Amino acid sequence: MKYDAIFFDFDGVIVDSVHIKTQMFYDMYLQYGEEIAQKVKQHHIENGGISRFEKFKFYHKFYLGQELDEAGVKQMAQEFSSRVKNAVIESQIVTGVIEVLEELYKSKDLFIITGTPTDEIEEIVEKRGWTKYFKEILGSPTNKDTWSKYLLDKYNYVPQKVLFIGDATTDHEAAKLNDFDFALRTHHENEPLFKNENVYRFSDFTEFKLEDI
């Protein structure tokens with residue numbers, strides 16, 4: 001067995017929910033016109049894993065020319081959460097992931113590190129009955145690199161014995177910054193973003209060889 005700890009992103013890795021959030025960003029900004037909504041959608045696709053709090057501030061400032069205060073960010077984040085949470089809870093799982101989690105959590109430390117707010121992802125994981133698999137479940141507003149460093153320090157992991165499984169550029173960046181191995185779960189939204197990256201790729205967890213993990 002190669003790794004002591006495995007960090008999982010959630011949307012697009014454990015569940016097929018990336019399209020749900022992409023559509024929601026588009027829908028929330030459509031009131032400002034199709035051009036703005038398309039810009040928001042494309043930015044979100046290219047920057048998966050960045051917290052929605054940061055995205056709302058960015059979109060308002062650079063696409064609408066407005067400064068969004070903390071109260072405004074919080075209000076938009078709450079609206080976003082109320083719209084997508086149940087859809088994510090009910091979304092399809094990535095094929096083979098439960099079998100992999102069921103096998104790995106017995107011998108390794110598993111974590112979720114996601115751009116979804118911590119309280120929201122904890123509720124989603126609990127309602128799906130998956131809390132037992134994970135040592136900690138960590139979300140925004142803290143970013144993935146910071147959480148990665150936090151876990152390294154807290155549990156004294158050797159970086160080369162940590163695997164980050166993700167689908168977003170932020171996942172890959174956190175892995176590179178902390179000297180983790182990285183595995184990319186591919187889907188139609190992220191394939192263009194990683195076309196020039198030399199990383200291990202898989203489309204679902206039936207392709208994983210547990211003896212290599």
# chains A, B, ... in the order shown; residues from 1 in each chain; ligands from 1
call {"tool": "residues_around", "arguments": {"residues": "segment 21-29 of chain A", "least_positions_apart": "5", "cutoff": "8 Å", "atoms": "only C-alpha atoms", "output": "number ranges by chain"}}
result
A: 36-38, 40-41, 44-45, 80, 83-84
call {"tool": "residues_around", "arguments": {"residues": "segment 174-190 of chain A", "least_positions_apart": "2", "cutoff": "6 Å", "atoms": "only C-alpha atoms", "output": "VMD selection string"}}
result
chain A and resid 145 159 to 160 162 to 167 171 to 172 192 to 193 200 to 203
call {"tool": "closest_residue", "arguments": {"among": "A:Ile213, A:Gly48, A:Ile124, A:Phe205", "to": "Glu90 of chain A", "atoms": "only C-alpha atoms"}}
result
A:Ile124
call {"tool": "closest_residue", "arguments": {"among": "A:Leu68, A:Phe10, A:Ser17, A:Gln31", "to": "Glu122 of chain A", "atoms": "only C-alpha atoms"}}
result
A:Phe10
call {"tool": "residues_around", "arguments": {"residues": "Leu210 of chain A", "least_positions_apart": "3", "cutoff": "10 Å", "atoms": "only C-alpha atoms", "output": "list of chain:residue names"}}
result
A:Met1, A:Lys2, A:Val100, A:Glu103, A:Leu104, A:Phe205, A:Thr206, A:Glu207, A:Ile213
call {"tool": "atom_distance", "arguments": {"atom1": "atom CA of Ile14 of chain A", "atom2": "atom CA of Val199 of chain A"}}
result
18.7 Å
call {"tool": "closest_residue", "arguments": {"among": "A:Asp9, A:Phe208, A:Phe56, A:Lys85", "to": "Ile137 of chain A", "atoms": "only C-alpha atoms"}}
result
A:Asp9
call {"tool": "closest_residue", "arguments": {"among": "A:Asn196, A:Val18, A:Ser81, A:Glu211", "to": "Asn47 of chain A", "atoms": "only C-alpha atoms"}}
result
A:Val18
call {"tool": "residues_around", "arguments": {"residues": "Ile93 of chain A", "least_positions_apart": "4", "cutoff": "10 Å", "atoms": "only C-alpha atoms", "output": "JSON, numbers by chain"}}
result
{"A": [11, 12, 13, 14, 15, 16, 17, 88, 89, 97, 98, 204]}
call {"tool": "write_last_selection", "arguments": {"atoms": "C-alpha atoms", "output": "tab-separated table (two decimals), in the first residue's frame"}}
result
chain	number	residue	atom	x	y	z
A	11	ASP	CA	-18.20	17.65	-6.88
A	12	GLY	CA	-17.10	15.86	-10.01
A	13	VAL	CA	-15.07	13.28	-8.09
A	14	ILE	CA	-17.41	11.55	-5.64
A	15	VAL	CA	-20.67	12.72	-7.21
A	16	ASP	CA	-21.49	13.88	-10.73
A	17	SER	CA	-22.69	17.31	-9.65
A	88	VAL	CA	-26.34	17.62	-5.04
A	89	ILE	CA	-27.69	15.32	-2.32
A	97	VAL	CA	-16.52	5.32	-5.72
A	98	ILE	CA	-18.46	3.74	-2.84
A	204	ASP	CA	-14.57	6.41	-12.95
call {"tool": "select_by_dssp", "arguments": {"residues": "segment 13-196 of chain A", "states": "strand (DSSP E)", "output": "ChimeraX atom specification"}}
result
/A:109-117,136-140,162-166,181-185
call {"tool": "atom_distance", "arguments": {"atom1": "atom CA of Thr118 of chain A", "atom2": "atom CA of Glu46 of chain A"}}
result
22.1 Å
call {"tool": "residues_around", "arguments": {"residues": "segment 147-151 of chain A", "least_positions_apart": "2", "cutoff": "9 Å", "atoms": "only C-alpha atoms", "output": "JSON, numbers by chain"}}
result
{"A": [7, 113, 138, 139, 142, 143, 144, 145, 153, 154, 155, 156, 157, 174, 175, 178]}
call {"tool": "atom_distance", "arguments": {"atom1": "atom CA of Asp69 of chain A", "atom2": "atom CA of Glu54 of chain A"}}
result
11.4 Å
